[in-house]
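K.L.:
This is start-v3.txt (compact mmCIF, C-alpha atoms).
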```
# COMPACT_ATOMS: atom_id res chain seq x y z
CA SER S 270 0.00 0.00 0.00
CA THR S 271 2.86 2.40 0.71
CA HIS S 272 4.25 1.74 -2.74
CA MET S 273 0.85 2.38 -4.34
CA PHE S 274 0.44 5.73 -2.66
CA GLY S 275 4.00 6.91 -3.49
CA LEU S 276 5.42 6.78 0.02
CA ARG S 277 8.33 4.78 -1.32
CA ASN S 278 9.90 5.15 -4.72
CA HIS S 279 12.07 2.21 -5.68
CA THR S 280 12.05 -0.83 -7.90
CA THR S 281 9.71 -3.62 -6.91
CA SER S 282 11.35 -5.92 -4.39
CA HIS S 283 11.11 -9.68 -4.38
CA SER S 284 8.65 -9.63 -1.45
CA GLU S 285 6.40 -7.15 -3.30
CA LYS S 286 6.42 -9.38 -6.37
CA VAL S 287 5.33 -12.28 -4.18
CA VAL S 288 2.43 -10.23 -2.76
CA MET S 289 1.39 -9.05 -6.22
CA GLY S 290 1.50 -12.62 -7.47
CA GLU S 291 -0.61 -13.77 -4.52
CA ASN S 292 -3.21 -11.05 -5.20
CA GLU S 293 -3.44 -12.15 -8.83
CA ARG S 294 -3.74 -15.78 -7.75
CA ILE S 295 -6.59 -14.97 -5.33
CA PHE S 296 -8.45 -13.01 -8.03
CA LYS S 297 -8.13 -15.92 -10.43
CA HIS S 298 -9.72 -18.23 -7.86
CA VAL S 299 -12.86 -16.16 -8.25
CA THR S 300 -12.80 -15.44 -11.98
CA GLU S 301 -11.14 -18.55 -13.41
CA PRO S 302 -13.08 -21.84 -13.36
CA THR S 303 -11.35 -24.71 -11.57
CA ASP S 304 -11.97 -28.39 -11.03
CA LYS S 305 -12.63 -27.75 -7.33
CA MET S 306 -16.16 -28.11 -5.99
CA PHE S 307 -15.83 -24.87 -4.01
CA LEU S 308 -13.73 -21.75 -4.40
CA THR S 309 -10.27 -21.97 -2.86
CA GLY S 310 -7.82 -19.39 -1.56
CA TYR S 311 -8.52 -16.82 1.13
CA LEU S 312 -11.03 -14.84 -0.93
CA GLY S 313 -12.77 -17.98 -2.13
CA ILE S 314 -13.15 -19.30 1.41
CA ALA S 315 -14.46 -15.91 2.57
CA ILE S 316 -17.08 -15.88 -0.21
CA THR S 317 -18.18 -19.44 0.65
CA CYS S 318 -18.46 -18.59 4.36
CA LEU S 319 -20.54 -15.53 3.49
CA GLN S 320 -22.83 -17.73 1.41
CA PHE S 321 -23.26 -20.13 4.35
CA LEU S 322 -24.21 -17.12 6.48
CA VAL S 323 -26.85 -16.05 3.93
CA VAL S 324 -28.30 -19.57 3.86
CA ALA S 325 -28.38 -19.74 7.67
CA THR S 326 -29.97 -16.34 8.34
CA SER S 327 -32.21 -15.37 5.40
CA TYR S 328 -35.13 -17.62 6.33
CA SER S 329 -35.55 -16.32 9.87
CA GLN S 330 -35.10 -12.73 8.73
CA GLU S 331 -37.73 -12.93 5.99
CA ALA S 332 -40.20 -14.97 8.06
CA ASN S 333 -40.17 -12.26 10.74
CA PRO S 334 -42.61 -9.42 9.90
CA GLU S 335 -40.36 -6.94 11.68
CA THR S 336 -37.22 -7.75 9.68
CA CYS S 337 -38.42 -8.99 6.27
CA ALA S 338 -37.42 -6.94 3.23
CA ALA S 339 -39.85 -4.01 3.01
CA TYR S 340 -41.14 -4.19 -0.54
CA SER S 341 -44.24 -5.43 -2.35
CA LYS S 342 -47.06 -6.16 0.14
CA MET S 343 -44.65 -5.93 3.06
CA ALA S 344 -43.55 -2.41 2.09
CA ARG S 345 -42.89 -0.03 4.99
CA TYR S 346 -40.70 3.03 5.20
CA SER S 347 -40.26 6.20 7.18
CA LYS S 348 -41.55 9.53 5.91
CA THR S 349 -38.00 10.82 5.60
CA ALA S 350 -36.77 7.88 3.49
CA LYS S 351 -36.06 8.44 -0.20
CA THR S 352 -38.53 6.38 -2.18
CA VAL S 353 -39.42 5.66 -5.80
CA PRO S 354 -42.49 4.09 -7.45
CA SER S 355 -42.48 0.33 -6.99
CA GLN S 356 -41.94 -0.32 -10.70
CA ILE S 357 -38.75 1.77 -10.70
CA GLY S 358 -37.62 0.03 -7.52
CA MET S 359 -38.05 -3.38 -9.14
CA LEU S 360 -35.97 -2.25 -12.11
CA TYR S 361 -33.24 -1.24 -9.65
CA ILE S 362 -33.37 -4.84 -8.40
CA TYR S 363 -33.15 -6.68 -11.73
CA VAL S 364 -31.41 -4.44 -14.27
CA PRO S 365 -27.88 -4.52 -12.71
CA ALA S 366 -27.80 -8.32 -12.84
CA LEU S 367 -29.08 -8.29 -16.43
CA ILE S 368 -26.37 -5.81 -17.47
CA LEU S 369 -23.64 -7.82 -15.74
CA CYS S 370 -24.82 -11.08 -17.30
CA SER S 371 -24.87 -9.37 -20.69
CA VAL S 372 -21.26 -8.21 -20.21
CA CYS S 373 -20.22 -11.73 -19.17
CA PHE S 374 -22.05 -13.16 -22.17
CA LEU S 375 -20.08 -10.86 -24.49
CA ASN S 376 -16.88 -12.47 -23.18
CA VAL S 377 -15.10 -9.18 -22.46
CA ILE S 378 -14.11 -9.83 -18.83
CA PRO S 379 -10.67 -11.49 -18.46
CA ASN S 380 -10.75 -15.07 -17.13
CA VAL S 381 -14.56 -15.20 -17.27
CA GLN S 382 -15.66 -17.54 -20.04
CA VAL S 383 -19.10 -17.75 -21.62
CA THR S 384 -20.96 -20.72 -20.17
CA PRO S 385 -24.45 -22.22 -20.53
CA ALA S 386 -25.23 -20.99 -17.00
CA THR S 387 -24.45 -17.42 -18.12
CA GLY S 388 -27.10 -17.73 -20.83
CA LEU S 389 -29.66 -19.10 -18.38
CA LEU S 390 -29.00 -16.24 -15.97
CA TRP S 391 -29.45 -13.74 -18.81
CA ILE S 392 -32.79 -15.34 -19.73
CA HIS S 393 -33.92 -15.26 -16.09
CA PHE S 394 -33.21 -11.57 -15.55
CA ALA S 395 -34.34 -10.50 -19.03
CA LYS S 396 -37.69 -12.16 -18.30
CA ARG S 397 -37.96 -10.39 -14.95
CA VAL S 398 -37.21 -6.99 -16.48
CA LEU S 399 -39.77 -7.53 -19.24
CA GLU S 400 -42.37 -8.58 -16.67
CA VAL S 401 -41.70 -5.43 -14.64
CA LEU S 402 -42.10 -3.28 -17.74
CA PHE S 403 -45.06 -4.96 -19.45
CA LEU S 404 -46.84 -7.48 -17.19
CA HIS S 405 -47.08 -6.40 -13.58
CA LYS S 406 -49.27 -3.57 -12.37
CA TYR S 407 -47.66 -1.72 -9.49
CA SER S 408 -48.88 0.59 -6.76
CA GLY S 409 -47.14 2.17 -3.81
CA ARG S 410 -43.49 3.04 -3.34
CA VAL S 411 -40.28 1.41 -2.12
CA GLU S 412 -37.10 2.72 -0.50
CA VAL S 413 -34.33 3.42 -2.99
CA SER S 414 -31.65 2.05 -0.65
CA LEU S 415 -33.45 -1.29 -0.29
CA SER S 416 -33.94 -1.74 -4.04
CA ARG S 417 -30.33 -0.89 -4.77
CA THR S 418 -29.06 -3.23 -2.06
CA ILE S 419 -31.04 -6.16 -3.43
CA GLY S 420 -29.95 -5.23 -6.95
CA VAL S 421 -26.28 -5.30 -5.94
CA PHE S 422 -26.80 -8.66 -4.23
CA TYR S 423 -28.42 -10.19 -7.32
CA ALA S 424 -25.66 -8.81 -9.52
CA LEU S 425 -22.91 -10.19 -7.28
CA VAL S 426 -24.35 -13.70 -6.97
CA SER S 427 -24.96 -13.78 -10.73
CA PHE S 428 -21.37 -12.75 -11.39
CA LEU S 429 -20.21 -15.45 -8.98
CA VAL S 430 -22.15 -18.10 -10.90
CA CYS S 431 -20.78 -16.78 -14.21
CA CYS S 432 -17.23 -17.08 -12.82
CA VAL S 433 -17.44 -20.60 -11.42
CA ALA S 434 -19.83 -22.23 -13.91
CA GLU S 435 -18.71 -25.19 -15.97
CA GLY S 436 -18.14 -24.25 -19.60
CA PHE S 437 -17.33 -25.96 -22.85
CA PRO S 438 -15.79 -28.37 -23.68
CA SER S 439 -16.14 -29.94 -20.19
CA HIS S 440 -19.90 -29.21 -20.09
CA ASP S 441 -21.78 -32.21 -21.46
CA ILE S 442 -25.22 -31.10 -22.59
CA THR S 443 -26.36 -34.73 -22.90
CA SER S 444 -25.42 -35.80 -19.35
CA ILE S 445 -28.23 -36.70 -16.96
CA THR S 446 -27.31 -33.77 -14.69
CA SER S 447 -27.54 -31.31 -17.60
CA ILE S 448 -30.83 -32.74 -18.87
CA ILE S 449 -32.41 -32.49 -15.41
CA GLY S 450 -30.93 -29.01 -14.94
CA TYR S 451 -32.36 -27.70 -18.20
CA PHE S 452 -35.69 -29.35 -17.39
CA PHE S 453 -35.88 -27.63 -13.99
CA PHE S 454 -34.94 -24.29 -15.52
CA ILE S 455 -37.57 -24.47 -18.28
CA VAL S 456 -40.31 -25.61 -15.90
CA GLY S 457 -39.26 -22.92 -13.44
CA ILE S 458 -39.33 -20.12 -16.02
CA VAL S 459 -42.69 -21.18 -17.47
CA GLY S 460 -44.32 -21.84 -14.09
CA ASN S 461 -43.06 -18.57 -12.63
CA PHE S 462 -44.36 -16.59 -15.61
CA TYR S 463 -47.75 -18.32 -15.49
CA HIS S 464 -48.31 -17.47 -11.83
CA HIS S 465 -47.08 -13.92 -12.37
CA TYR S 466 -49.66 -13.71 -15.18
CA LEU S 467 -52.39 -14.87 -12.77
CA LEU S 468 -51.37 -12.18 -10.27
CA ALA S 469 -51.30 -9.50 -12.97
CA ASN S 470 -54.81 -10.45 -14.10
CA LEU S 471 -56.13 -9.84 -10.59
CA ARG S 472 -55.15 -6.19 -11.03
CA ARG S 473 -56.31 -5.90 -14.64
CA GLN S 474 -59.84 -7.17 -13.95
CA PRO S 475 -60.81 -6.10 -10.42
CA SER S 476 -64.28 -6.94 -9.24
CA LYS S 477 -66.88 -4.24 -8.54
CA GLU S 478 -66.56 -4.97 -4.82
CA GLN S 479 -62.81 -4.69 -5.05
CA ASN S 480 -63.07 -1.32 -6.77
CA GLN S 481 -65.42 -0.03 -4.09
CA ARG S 482 -63.23 -0.98 -1.13
CA LYS S 483 -59.85 -0.63 -2.93
CA SER S 484 -58.47 -3.79 -1.40
CA TYR S 485 -56.65 -6.91 -2.52
CA VAL S 486 -58.35 -10.05 -3.76
CA ALA S 487 -57.13 -13.54 -2.86
CA PRO S 488 -55.12 -15.06 -5.72
CA HIS S 489 -56.51 -18.25 -7.20
CA GLY S 490 -55.79 -20.65 -10.02
CA GLY S 491 -52.74 -22.80 -10.63
CA LEU S 492 -50.91 -23.65 -7.43
CA PHE S 493 -52.33 -20.57 -5.69
CA ASP S 494 -55.15 -22.91 -4.63
CA TYR S 495 -52.60 -24.85 -2.57
CA VAL S 496 -49.80 -22.47 -1.52
CA ALA S 497 -49.24 -18.78 -0.90
CA ALA S 498 -46.25 -18.30 -3.19
CA PRO S 499 -46.12 -20.76 -6.12
CA HIS S 500 -44.20 -18.16 -8.15
CA TYR S 501 -41.41 -18.46 -5.56
CA LEU S 502 -41.47 -22.25 -5.86
CA PHE S 503 -40.99 -22.10 -9.61
CA GLU S 504 -38.33 -19.41 -9.30
CA LEU S 505 -36.39 -21.76 -7.01
CA MET S 506 -36.75 -24.52 -9.58
CA GLY S 507 -35.13 -22.18 -12.08
CA TRP S 508 -32.24 -21.40 -9.70
CA LEU S 509 -31.76 -25.13 -9.04
CA GLY S 510 -31.56 -25.71 -12.78
CA ILE S 511 -28.93 -22.97 -13.10
CA ALA S 512 -26.91 -24.50 -10.26
CA MET S 513 -27.04 -27.95 -11.86
CA ILE S 514 -25.88 -26.55 -15.21
CA ALA S 515 -23.12 -24.52 -13.49
CA HIS S 516 -22.05 -27.74 -11.73
CA HIS S 517 -20.20 -26.00 -8.92
CA GLY S 518 -20.61 -25.95 -5.16
CA ASN S 519 -20.79 -22.17 -4.90
CA ALA S 520 -23.56 -22.09 -7.51
CA PHE S 521 -25.51 -24.56 -5.36
CA MET S 522 -24.86 -22.24 -2.41
CA VAL S 523 -26.52 -19.46 -4.42
CA PHE S 524 -29.53 -21.75 -4.81
CA GLY S 525 -29.41 -22.45 -1.07
CA GLY S 526 -29.40 -18.73 -0.29
CA MET S 527 -32.32 -18.10 -2.63
CA SER S 528 -34.21 -21.03 -1.06
CA SER S 529 -33.68 -19.66 2.44
CA TYR S 530 -34.72 -16.15 1.37
CA LEU S 531 -37.83 -17.07 -0.64
CA SER S 532 -38.97 -19.73 1.85
CA GLY S 533 -38.96 -17.16 4.62
CA ARG S 534 -40.69 -14.66 2.37
CA SER S 535 -43.40 -17.21 1.57
CA VAL S 536 -44.10 -17.50 5.31
CA SER S 537 -44.59 -13.73 5.51
CA GLN S 538 -46.76 -13.81 2.38
CA ASN S 539 -49.00 -16.54 3.83
CA ARG S 540 -49.28 -14.68 7.13
CA TRP S 541 -50.25 -11.50 5.27
CA ASN S 542 -52.91 -13.39 3.29
CA ARG S 543 -54.41 -14.94 6.44
CA GLU S 544 -54.64 -11.53 8.07
CA LYS S 545 -56.14 -9.92 4.96
CA PHE S 546 -58.68 -12.54 3.82
CA ASP S 547 -61.29 -14.60 5.63
CA SER S 548 -61.00 -18.38 5.93
CA LYS S 549 -63.36 -18.87 2.99
CA ASP S 550 -61.06 -17.02 0.57
CA TRP S 551 -57.84 -18.17 2.24
CA PRO S 552 -58.12 -21.43 4.23
CA GLU S 553 -55.91 -21.88 7.28
CA THR S 554 -54.63 -25.14 5.80
CA ARG S 555 -53.06 -23.44 2.77
CA ARG S 556 -49.29 -24.00 2.73
CA ASN S 557 -46.49 -21.48 2.26
CA LEU S 558 -44.43 -22.77 -0.65
CA ILE S 559 -44.69 -26.52 -1.37
CA PRO S 560 -48.17 -28.06 -1.72
CA GLY S 561 -49.01 -30.38 1.18
CA ILE S 562 -45.55 -30.06 2.76
CA PHE S 563 -44.40 -26.52 3.59
```
Represent the supplied structure as structure tokens.

P.N.:
Amino acid sequence: STHMFGLRNHTTSHSEKVVMGENERIFKHVTEPTDKMFLTGYLGIAITCLQFLVVATSYSQEANPETCAAYSKMARYSKTAKTVPSQIGMLYIYVPALILCSVCFLNVIPNVQVTPATGLLWIHFAKRVLEVLFLHKYSGRVEVSLSRTIGVFYALVSFLVCCVAEGFPSHDITSITSIIGYFFFIVGIVGNFYHHYLLANLRRQPSKEQNQRKSYVAPHGGLFDYVAAPHYLFELMGWLGIAMIAHHGNAFMVFGGMSSYLSGRSVSQNRWNREKFDSKDWPETRRNLIPGIF
């Protein structure tokens, strides 16, 4: 650091060359695919530990109404907080990851190769951005800081998957793991879109009673008749498919983090529905995420 800031002015010593070489080696552990199941090196271990922390804490945080992320139906913010319309906030969440995946897909970042998982991530976030722009009907506002924080998180985990994902020629598109992975991703994308479409239709065609009292209506159709958040279930299927195609431990940790986060959020969603609707519209037996199980 003293050399970088000009406090010393001399030729690079042997020890400094060793440090510079170590820094380059650590960076490559993140950006250069390896045959290891998890990232190695100090930075790689730190990233993996952070992912374990996300998996361990996200569920309890999102299941708690006091600590869950304050957007969508759970939106809450102080009068002094800087806010934006919900649609703009959702773009803050998804656009950074889409841009980063696009850059990775163009193969312009050193040591980051184009992989099938990169393409799947691009499809996932492109779909989400298009839904925000053309499908969903938004109301209310969201804190700018929250949207940007989630957007940075999505961008970072997407970049991590792009860095560690298995690429060609080692990726075998005909292997059983790849076939199942692509199957999960396709089912996840289609199922998620279908249930988002059902939610959007509730806003497009409100009942006369709904217009009079300006309140929500209980979602129905598809798996909404069995669980509170089927769109989360299918989104997780998509992330599992991406992890299987990436074929790397840290990509599966991303799936684990998303599972913890969305599972907890489904608990909050189900609680909100039970408080908002009567037992006829929303039975007490309706599950959170997985029909008949959770």

K.L.:
Find the residues around Val496 in chain S up to 7 Å (all atoms listed in the file counted), leave out those fewer than 5 positions away in its own chain, and share them as number ranges by chain.

P.N.:
S: 555-560

K.L.:
Could you tell me how far CA of Ser414 in chain S lies from CA of Arg397 in chain S, in Å and to one decimal?

P.N.:
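Going from CA of Ser414 in chain S over to CA of Arg397 in chain S covers 20.0 Å.
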
K.L.:
Quick one: pull the distance between CA of Leu509 in chain S and CA of Gly457 in chain S, Å, one decimal.

P.N.:
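That distance, rounded to one decimal, is 9.0 Å.
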
K.L.:
Provide the CA of Leu531 in chain S to CA of Glu331 in chain S distance in Å, to one decimal place.

P.N.:
7.8 Å

K.L.:
Given only C-alpha atoms as the basis, pick out the residue of S:Ala338, S:Ala386, S:Val413, S:Leu467 nearest to Thr352 in chain S.

P.N.:
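Using only C-alpha atoms, Thr352 in chain S sits closest to S:Val413.
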
K.L.:
In terms of the shortest atom-to-atom distance over all atoms listed in the file, which of S:Pro488, S:Ile458, S:Val383, S:Tyr311 is closest to Asn542 in chain S?

P.N.:
S:Pro488

K.L.:
Give me the residues near Leu425 in chain S as a ChimeraX atom specification, where near means some atom within 12 Å (using all atoms listed in the file) and where sequence neighbours in that chain fewer than 3 positions away do not count.

P.N.:
/S:299,316,320,362-363,365-370,418-422,428-432,520,523

K.L.:
Leaving out range 344-351 of chain S and any residue of its chain fewer than 4 positions from it, which residues lie within 12 Å of it when counting only C-alpha atoms, given as a list in words?

P.N.:
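What passes the distance filter is Pro334, Glu335, Thr336, Cys337, Ala338, Ala339, Tyr340, Ser355, Gly358, Ser408, Gly409, Arg410, Val411, Glu412, Val413, Ser414, Leu415, Ser416, Arg417, Ser537, Gln538 and Trp541 of chain S.
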
K.L.:
Around (-17.9, -27.2, -8.0) in the file's frame, which residues reach within 10 Å when counting only C-alpha atoms? Return as an NGL selection string?

P.N.:
:S and (302-308 or 433-435 or 512-513 or 515-521)

K.L.:
Determine the nearest neighbour of Tyr423 in chain S from the options S:Met343, S:Met522, S:Met527, S:Ala487, counting only C-alpha atoms.

P.N.:
S:Met527
